[in-house]
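Q: Pasting upload14.pdb below, which is PDB, N, CA and C atoms and all ligand atoms.
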ATOM      1  N   MET A   1      37.339  24.860 -23.347
ATOM      2  CA  MET A   1      38.250  24.184 -24.262
ATOM      3  C   MET A   1      37.482  23.453 -25.357
ATOM      4  N   VAL A   2      38.073  23.341 -26.535
ATOM      5  CA  VAL A   2      37.431  22.705 -27.679
ATOM      6  C   VAL A   2      38.095  21.351 -27.925
ATOM      7  N   PHE A   3      37.238  20.328 -28.134
ATOM      8  CA  PHE A   3      37.738  18.982 -28.401
ATOM      9  C   PHE A   3      37.119  18.452 -29.683
ATOM     10  N   ASN A   4      37.743  17.440 -30.246
ATOM     11  CA  ASN A   4      37.087  16.667 -31.290
ATOM     12  C   ASN A   4      36.237  15.604 -30.623
ATOM     13  N   CYS A   5      35.151  15.245 -31.284
ATOM     14  CA  CYS A   5      34.276  14.209 -30.767
ATOM     15  C   CYS A   5      35.092  12.942 -30.498
ATOM     16  N   SER A   6      34.840  12.317 -29.356
ATOM     17  CA  SER A   6      35.592  11.118 -28.980
ATOM     18  C   SER A   6      35.305   9.929 -29.888
ATOM     19  N   LEU A   7      34.134   9.912 -30.528
ATOM     20  CA  LEU A   7      33.791   8.762 -31.368
ATOM     21  C   LEU A   7      34.157   9.003 -32.835
ATOM     22  N   CYS A   8      33.602  10.023 -33.453
ATOM     23  CA  CYS A   8      33.833  10.217 -34.897
ATOM     24  C   CYS A   8      35.132  10.967 -35.173
ATOM     25  N   GLN A   9      35.641  11.687 -34.202
ATOM     26  CA  GLN A   9      36.902  12.421 -34.349
ATOM     27  C   GLN A   9      36.847  13.519 -35.408
ATOM     28  N   LYS A  10      35.631  13.913 -35.824
ATOM     29  CA  LYS A  10      35.520  14.929 -36.868
ATOM     30  C   LYS A  10      34.834  16.194 -36.378
ATOM     31  N   GLU A  11      33.762  15.996 -35.628
ATOM     32  CA  GLU A  11      32.984  17.137 -35.159
ATOM     33  C   GLU A  11      33.668  17.794 -33.960
ATOM     34  N   THR A  12      33.455  19.087 -33.830
ATOM     35  CA  THR A  12      34.004  19.829 -32.713
ATOM     36  C   THR A  12      32.999  19.847 -31.569
ATOM     37  N   CYS A  13      33.476  19.596 -30.367
ATOM     38  CA  CYS A  13      32.606  19.575 -29.187
ATOM     39  C   CYS A  13      33.118  20.610 -28.196
ATOM     40  N   TYR A  14      32.184  21.326 -27.587
ATOM     41  CA  TYR A  14      32.572  22.348 -26.614
ATOM     42  C   TYR A  14      32.290  21.916 -25.184
ATOM     43  N   VAL A  15      31.204  21.197 -24.990
ATOM     44  CA  VAL A  15      30.790  20.849 -23.629
ATOM     45  C   VAL A  15      30.892  19.355 -23.385
ATOM     46  N   SER A  16      30.446  18.565 -24.358
ATOM     47  CA  SER A  16      30.395  17.110 -24.212
ATOM     48  C   SER A  16      31.585  16.468 -24.922
ATOM     49  N   ASN A  17      31.811  15.189 -24.654
ATOM     50  CA  ASN A  17      32.853  14.448 -25.373
ATOM     51  C   ASN A  17      32.391  13.988 -26.745
ATOM     52  N   PHE A  18      31.040  14.014 -26.967
ATOM     53  CA  PHE A  18      30.478  13.498 -28.204
ATOM     54  C   PHE A  18      29.690  14.579 -28.929
ATOM     55  N   CYS A  19      29.704  14.536 -30.273
ATOM     56  CA  CYS A  19      28.848  15.420 -31.062
ATOM     57  C   CYS A  19      27.405  14.906 -30.948
ATOM     58  N   ASP A  20      26.453  15.621 -31.513
ATOM     59  CA  ASP A  20      25.043  15.235 -31.387
ATOM     60  C   ASP A  20      24.786  13.835 -31.945
ATOM     61  N   THR A  21      25.347  13.552 -33.116
ATOM     62  CA  THR A  21      25.134  12.242 -33.741
ATOM     63  C   THR A  21      25.720  11.126 -32.884
ATOM     64  N   CYS A  22      26.932  11.317 -32.424
ATOM     65  CA  CYS A  22      27.587  10.277 -31.635
ATOM     66  C   CYS A  22      26.966  10.168 -30.250
ATOM     67  N   GLU A  23      26.420  11.261 -29.739
ATOM     68  CA  GLU A  23      25.697  11.198 -28.471
ATOM     69  C   GLU A  23      24.477  10.293 -28.619
ATOM     70  N   PHE A  24      23.798  10.403 -29.764
ATOM     71  CA  PHE A  24      22.665   9.516 -30.039
ATOM     72  C   PHE A  24      23.129   8.061 -30.086
ATOM     73  N   ILE A  25      24.229   7.812 -30.797
ATOM     74  CA  ILE A  25      24.761   6.449 -30.903
ATOM     75  C   ILE A  25      25.121   5.923 -29.511
ATOM     76  N   LYS A  26      25.704   6.769 -28.688
ATOM     77  CA  LYS A  26      26.066   6.366 -27.325
ATOM     78  C   LYS A  26      24.814   5.999 -26.524
ATOM     79  N   ARG A  27      23.741   6.793 -26.691
ATOM     80  CA  ARG A  27      22.497   6.484 -25.958
ATOM     81  C   ARG A  27      21.906   5.159 -26.413
ATOM     82  N   VAL A  28      21.969   4.892 -27.739
ATOM     83  CA  VAL A  28      21.479   3.599 -28.245
ATOM     84  C   VAL A  28      22.313   2.465 -27.656
ATOM     85  N   CYS A  29      23.620   2.656 -27.568
ATOM     86  CA  CYS A  29      24.497   1.644 -26.959
ATOM     87  C   CYS A  29      24.142   1.448 -25.488
ATOM     88  N   ASN A  30      23.791   2.515 -24.815
ATOM     89  CA  ASN A  30      23.421   2.392 -23.399
ATOM     90  C   ASN A  30      22.128   1.606 -23.240
ATOM     91  N   ILE A  31      21.225   1.780 -24.183
ATOM     92  CA  ILE A  31      19.931   1.091 -24.104
ATOM     93  C   ILE A  31      20.071  -0.379 -24.494
ATOM     94  N   TYR A  32      20.684  -0.644 -25.644
ATOM     95  CA  TYR A  32      20.725  -2.017 -26.173
ATOM     96  C   TYR A  32      22.010  -2.761 -25.832
ATOM     97  N   GLY A  33      23.009  -2.059 -25.387
ATOM     98  CA  GLY A  33      24.303  -2.667 -25.109
ATOM     99  C   GLY A  33      25.203  -2.545 -26.330
ATOM    100  N   ALA A  34      26.466  -2.256 -26.079
ATOM    101  CA  ALA A  34      27.411  -2.038 -27.181
ATOM    102  C   ALA A  34      27.591  -3.300 -28.016
ATOM    103  N   VAL A  35      27.537  -4.479 -27.395
ATOM    104  CA  VAL A  35      27.732  -5.724 -28.140
ATOM    105  C   VAL A  35      26.576  -5.938 -29.115
ATOM    106  N   GLU A  36      25.333  -5.665 -28.659
ATOM    107  CA  GLU A  36      24.178  -5.825 -29.539
ATOM    108  C   GLU A  36      24.253  -4.838 -30.700
ATOM    109  N   VAL A  37      24.628  -3.589 -30.415
ATOM    110  CA  VAL A  37      24.763  -2.584 -31.481
ATOM    111  C   VAL A  37      25.848  -3.009 -32.461
ATOM    112  N   LYS A  38      26.958  -3.516 -31.963
ATOM    113  CA  LYS A  38      28.043  -4.002 -32.832
ATOM    114  C   LYS A  38      27.541  -5.167 -33.689
ATOM    115  N   ASN A  39      26.778  -6.095 -33.093
ATOM    116  CA  ASN A  39      26.237  -7.226 -33.858
ATOM    117  C   ASN A  39      25.297  -6.753 -34.958
ATOM    118  N   ILE A  40      24.458  -5.769 -34.646
ATOM    119  CA  ILE A  40      23.539  -5.223 -35.646
ATOM    120  C   ILE A  40      24.331  -4.565 -36.776
ATOM    121  N   LEU A  41      25.342  -3.798 -36.429
ATOM    122  CA  LEU A  41      26.169  -3.151 -37.459
ATOM    123  C   LEU A  41      26.827  -4.190 -38.352
ATOM    124  N   GLU A  42      27.335  -5.266 -37.753
ATOM    125  CA  GLU A  42      27.988  -6.306 -38.549
ATOM    126  C   GLU A  42      26.993  -7.015 -39.461
ATOM    127  N   ARG A  43      25.765  -7.281 -38.939
ATOM    128  CA  ARG A  43      24.758  -7.998 -39.732
ATOM    129  C   ARG A  43      24.168  -7.114 -40.823
ATOM    130  N   VAL A  44      23.997  -5.828 -40.553
ATOM    131  CA  VAL A  44      23.276  -4.940 -41.466
ATOM    132  C   VAL A  44      24.206  -4.106 -42.334
ATOM    133  N   CYS A  45      25.240  -3.557 -41.770
ATOM    134  CA  CYS A  45      26.070  -2.589 -42.492
ATOM    135  C   CYS A  45      27.319  -3.195 -43.123
ATOM    136  N   ILE A  46      27.867  -4.209 -42.494
ATOM    137  CA  ILE A  46      29.102  -4.780 -43.006
ATOM    138  C   ILE A  46      28.734  -5.901 -43.973
ATOM    139  N   ARG A  47      29.132  -5.751 -45.219
ATOM    140  CA  ARG A  47      28.772  -6.715 -46.255
ATOM    141  C   ARG A  47      30.027  -7.257 -46.917
ATOM    142  N   ASN A  48      29.980  -8.553 -47.286
ATOM    143  CA  ASN A  48      31.100  -9.099 -48.042
ATOM    144  C   ASN A  48      30.931  -8.711 -49.517
ATOM    145  N   THR A  49      31.887  -9.057 -50.325
ATOM    146  CA  THR A  49      31.875  -8.634 -51.726
ATOM    147  C   THR A  49      30.640  -9.141 -52.461
ATOM    148  N   GLU A  50      30.276 -10.408 -52.235
ATOM    149  CA  GLU A  50      29.111 -10.978 -52.911
ATOM    150  C   GLU A  50      27.843 -10.223 -52.523
ATOM    151  N   GLN A  51      27.697  -9.925 -51.240
ATOM    152  CA  GLN A  51      26.520  -9.191 -50.764
ATOM    153  C   GLN A  51      26.491  -7.784 -51.334
ATOM    154  N   ARG A  52      27.648  -7.124 -51.406
ATOM    155  CA  ARG A  52      27.705  -5.767 -51.967
ATOM    156  C   ARG A  52      27.338  -5.783 -53.441
ATOM    157  N   ASN A  53      27.865  -6.755 -54.191
ATOM    158  CA  ASN A  53      27.549  -6.837 -55.615
ATOM    159  C   ASN A  53      26.066  -7.099 -55.835
ATOM    160  N   PHE A  54      25.453  -7.965 -54.996
ATOM    161  CA  PHE A  54      24.021  -8.235 -55.108
ATOM    162  C   PHE A  54      23.231  -6.961 -54.856
ATOM    163  N   LYS A  55      23.598  -6.237 -53.807
ATOM    164  CA  LYS A  55      22.899  -4.991 -53.466
ATOM    165  C   LYS A  55      23.042  -3.967 -54.589
ATOM    166  N   ILE A  56      24.236  -3.854 -55.133
ATOM    167  CA  ILE A  56      24.464  -2.912 -56.234
ATOM    168  C   ILE A  56      23.587  -3.284 -57.418
ATOM    169  N   SER A  57      23.518  -4.587 -57.764
ATOM    170  CA  SER A  57      22.698  -4.987 -58.918
ATOM    171  C   SER A  57      21.221  -4.721 -58.638
ATOM    172  N   GLN A  58      20.766  -4.939 -57.393
ATOM    173  CA  GLN A  58      19.378  -4.654 -57.041
ATOM    174  C   GLN A  58      19.079  -3.165 -57.163
ATOM    175  N   GLU A  59      20.001  -2.343 -56.677
ATOM    176  CA  GLU A  59      19.802  -0.890 -56.744
ATOM    177  C   GLU A  59      19.811  -0.407 -58.190
ATOM    178  N   LEU A  60      20.708  -0.962 -59.011
ATOM    179  CA  LEU A  60      20.752  -0.584 -60.417
ATOM    180  C   LEU A  60      19.461  -0.984 -61.109
ATOM    181  N   LYS A  61      18.955  -2.185 -60.772
ATOM    182  CA  LYS A  61      17.705  -2.657 -61.365
ATOM    183  C   LYS A  61      16.564  -1.694 -61.021
ATOM    184  N   LYS A  62      16.493  -1.290 -59.752
ATOM    185  CA  LYS A  62      15.450  -0.345 -59.325
ATOM    186  C   LYS A  62      15.575   0.975 -60.062
ATOM    187  N   GLU A  63      16.820   1.449 -60.168
ATOM    188  CA  GLU A  63      17.053   2.736 -60.832
ATOM    189  C   GLU A  63      16.621   2.678 -62.289
ATOM    190  N   ILE A  64      16.941   1.584 -62.973
ATOM    191  CA  ILE A  64      16.565   1.432 -64.378
ATOM    192  C   ILE A  64      15.049   1.323 -64.502
ATOM    193  N   GLN A  65      14.412   0.559 -63.591
ATOM    194  CA  GLN A  65      12.956   0.406 -63.622
ATOM    195  C   GLN A  65      12.257   1.748 -63.411
ATOM    196  N   ASN A  66      12.808   2.559 -62.539
ATOM    197  CA  ASN A  66      12.206   3.868 -62.288
ATOM    198  C   ASN A  66      12.312   4.787 -63.504
ATOM    199  N   LYS A  67      13.378   4.625 -64.261
ATOM    200  CA  LYS A  67      13.567   5.482 -65.432
ATOM    201  C   LYS A  67      12.774   4.991 -66.635
ATOM    202  N   THR A  68      12.611   3.639 -66.732
ATOM    203  CA  THR A  68      11.894   3.065 -67.874
ATOM    204  C   THR A  68      10.820   2.097 -67.363
ATOM    205  N   PRO A  69       9.679   2.607 -66.927
ATOM    206  CA  PRO A  69       8.653   1.751 -66.321
ATOM    207  C   PRO A  69       8.043   0.726 -67.269
ATOM    208  N   GLY A  70       8.152   0.855 -68.578
ATOM    209  CA  GLY A  70       7.559  -0.081 -69.513
ATOM    210  C   GLY A  70       8.435  -1.272 -69.866
ATOM    211  N   ASN A  71       9.668  -1.340 -69.371
ATOM    212  CA  ASN A  71      10.615  -2.372 -69.786
ATOM    213  C   ASN A  71      10.915  -3.396 -68.699
ATOM    214  N   LYS A  72       9.951  -3.793 -67.879
ATOM    215  CA  LYS A  72      10.204  -4.700 -66.769
ATOM    216  C   LYS A  72      10.638  -6.100 -67.214
ATOM    217  N   LYS A  73      10.127  -6.625 -68.326
ATOM    218  CA  LYS A  73      10.484  -7.964 -68.798
ATOM    219  C   LYS A  73      11.966  -8.046 -69.151
ATOM    220  N   GLU A  74      12.490  -7.022 -69.761
ATOM    221  CA  GLU A  74      13.888  -7.018 -70.184
ATOM    222  C   GLU A  74      14.858  -6.939 -69.002
ATOM    223  N   LEU A  75      14.403  -6.487 -67.842
ATOM    224  CA  LEU A  75      15.306  -6.268 -66.700
ATOM    225  C   LEU A  75      15.461  -7.484 -65.799
ATOM    226  N   LYS A  76      14.696  -8.560 -66.045
ATOM    227  CA  LYS A  76      14.773  -9.723 -65.165
ATOM    228  C   LYS A  76      16.126 -10.384 -65.149
ATOM    229  N   ASN A  77      16.852 -10.330 -66.240
ATOM    230  CA  ASN A  77      18.133 -11.037 -66.330
ATOM    231  C   ASN A  77      19.344 -10.176 -65.990
ATOM    232  N   ILE A  78      19.133  -9.006 -65.460
ATOM    233  CA  ILE A  78      20.265  -8.135 -65.115
ATOM    234  C   ILE A  78      20.909  -8.632 -63.834
TER     235      ILE A  78
HETATM  236 ZN    ZN B   1      30.869  12.449 -33.333
END
Please lay out the structure from this file as structure tokens.
Ligand SMILES: [Zn+2]

A:
Amino acid sequence: MVFNCSLCQKETCYVSNFCDTCEFIKRVCNIYGAVEVKNILERVCIRNTEQRNFKISQELKKEIQNKTPGNKKELKNI
């Protein structure tokens, strides 16, 4: 029988309840505990609007610096 992955609900699974990616995530949860993994996800992946805007401006700054390596002084105030 064919199932959708129990975690991501997107990948098709034939033998296991989890796809390869979610099986890895499950193993990490088994090692560190689901609460610790959830805490890490909240601290690292979940960002509020201010944090997202800061990250976006940092990434844009890097992208501009990579395209124009001679203009570093002008980019400080972005
Ligand atoms: Zn999955």

Q: From a DSSP pass on the backbone, collect the residues of chain A flagged as helix (DSSP H, G or I) and hand them back as a ChimeraX atom specification.

A: /A:20-32,34-44,49-67,73-75

Q: As a quick test: using only C-alpha atoms and all ligand atoms, which residues lie no more than 10 Å away from ligand ZN 1 (chain B)? Give them as a CSV table (one decimal) with N, CA and C atoms, in the frame of the given file.

A:
chain,number,residue,atom,x,y,z
A,4,ASN,N,37.7,17.4,-30.2
A,4,ASN,CA,37.1,16.7,-31.3
A,4,ASN,C,36.2,15.6,-30.6
A,5,CYS,N,35.2,15.2,-31.3
A,5,CYS,CA,34.3,14.2,-30.8
A,5,CYS,C,35.1,12.9,-30.5
A,6,SER,N,34.8,12.3,-29.4
A,6,SER,CA,35.6,11.1,-29.0
A,6,SER,C,35.3,9.9,-29.9
A,7,LEU,N,34.1,9.9,-30.5
A,7,LEU,CA,33.8,8.8,-31.4
A,7,LEU,C,34.2,9.0,-32.8
A,8,CYS,N,33.6,10.0,-33.5
A,8,CYS,CA,33.8,10.2,-34.9
A,8,CYS,C,35.1,11.0,-35.2
A,9,GLN,N,35.6,11.7,-34.2
A,9,GLN,CA,36.9,12.4,-34.3
A,9,GLN,C,36.8,13.5,-35.4
A,10,LYS,N,35.6,13.9,-35.8
A,10,LYS,CA,35.5,14.9,-36.9
A,10,LYS,C,34.8,16.2,-36.4
A,11,GLU,N,33.8,16.0,-35.6
A,11,GLU,CA,33.0,17.1,-35.2
A,11,GLU,C,33.7,17.8,-34.0
A,12,THR,N,33.5,19.1,-33.8
A,12,THR,CA,34.0,19.8,-32.7
A,12,THR,C,33.0,19.8,-31.6
A,13,CYS,N,33.5,19.6,-30.4
A,13,CYS,CA,32.6,19.6,-29.2
A,13,CYS,C,33.1,20.6,-28.2
A,17,ASN,N,31.8,15.2,-24.7
A,17,ASN,CA,32.9,14.4,-25.4
A,17,ASN,C,32.4,14.0,-26.7
A,18,PHE,N,31.0,14.0,-27.0
A,18,PHE,CA,30.5,13.5,-28.2
A,18,PHE,C,29.7,14.6,-28.9
A,19,CYS,N,29.7,14.5,-30.3
A,19,CYS,CA,28.8,15.4,-31.1
A,19,CYS,C,27.4,14.9,-30.9
A,20,ASP,N,26.5,15.6,-31.5
A,20,ASP,CA,25.0,15.2,-31.4
A,20,ASP,C,24.8,13.8,-31.9
A,21,THR,N,25.3,13.6,-33.1
A,21,THR,CA,25.1,12.2,-33.7
A,21,THR,C,25.7,11.1,-32.9
A,22,CYS,N,26.9,11.3,-32.4
A,22,CYS,CA,27.6,10.3,-31.6
A,22,CYS,C,27.0,10.2,-30.2
A,23,GLU,N,26.4,11.3,-29.7
A,23,GLU,CA,25.7,11.2,-28.5
A,23,GLU,C,24.5,10.3,-28.6
A,24,PHE,N,23.8,10.4,-29.8
A,24,PHE,CA,22.7,9.5,-30.0
A,24,PHE,C,23.1,8.1,-30.1
A,25,ILE,N,24.2,7.8,-30.8
A,25,ILE,CA,24.8,6.4,-30.9
A,25,ILE,C,25.1,5.9,-29.5
A,26,LYS,N,25.7,6.8,-28.7
A,26,LYS,CA,26.1,6.4,-27.3
A,26,LYS,C,24.8,6.0,-26.5

Q: Separation of atom N of Val37 in chain A and atom C of Glu50 in chain A, in Å?

A: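 Between atom N of Val37 in chain A and atom C of Glu50 in chain A the gap is 23.3 Å.
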
Q: So how far away is CA of Lys55 in chain A from CA of Ile40 in chain A, in Å?

A: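 Going from CA of Ile40 in chain A over to CA of Lys55 in chain A, I get 17.8 Å.
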
Q: One decimal, Å: what's the distance from CA of Val28 in chain A over to CA of Val44 in chain A, could you say?

A: 15.8 Å

Q: Running DSSP on the backbone, which parts of chain A land in strand (DSSP E or B), as a PyMOL selection string?

A: chain A and resi 3-4+12-13

Q: Would you give the centre and edge lengths, in Å to one decimal, of a box along x, y and z around the listed atoms of range 34-43 of chain A, with 4 Å added to each side, as JSON?

A:
{"center_x": 25.8, "center_y": -5.0, "center_z": -33.5, "size_x": 12.5, "size_y": 14.0, "size_z": 22.7}
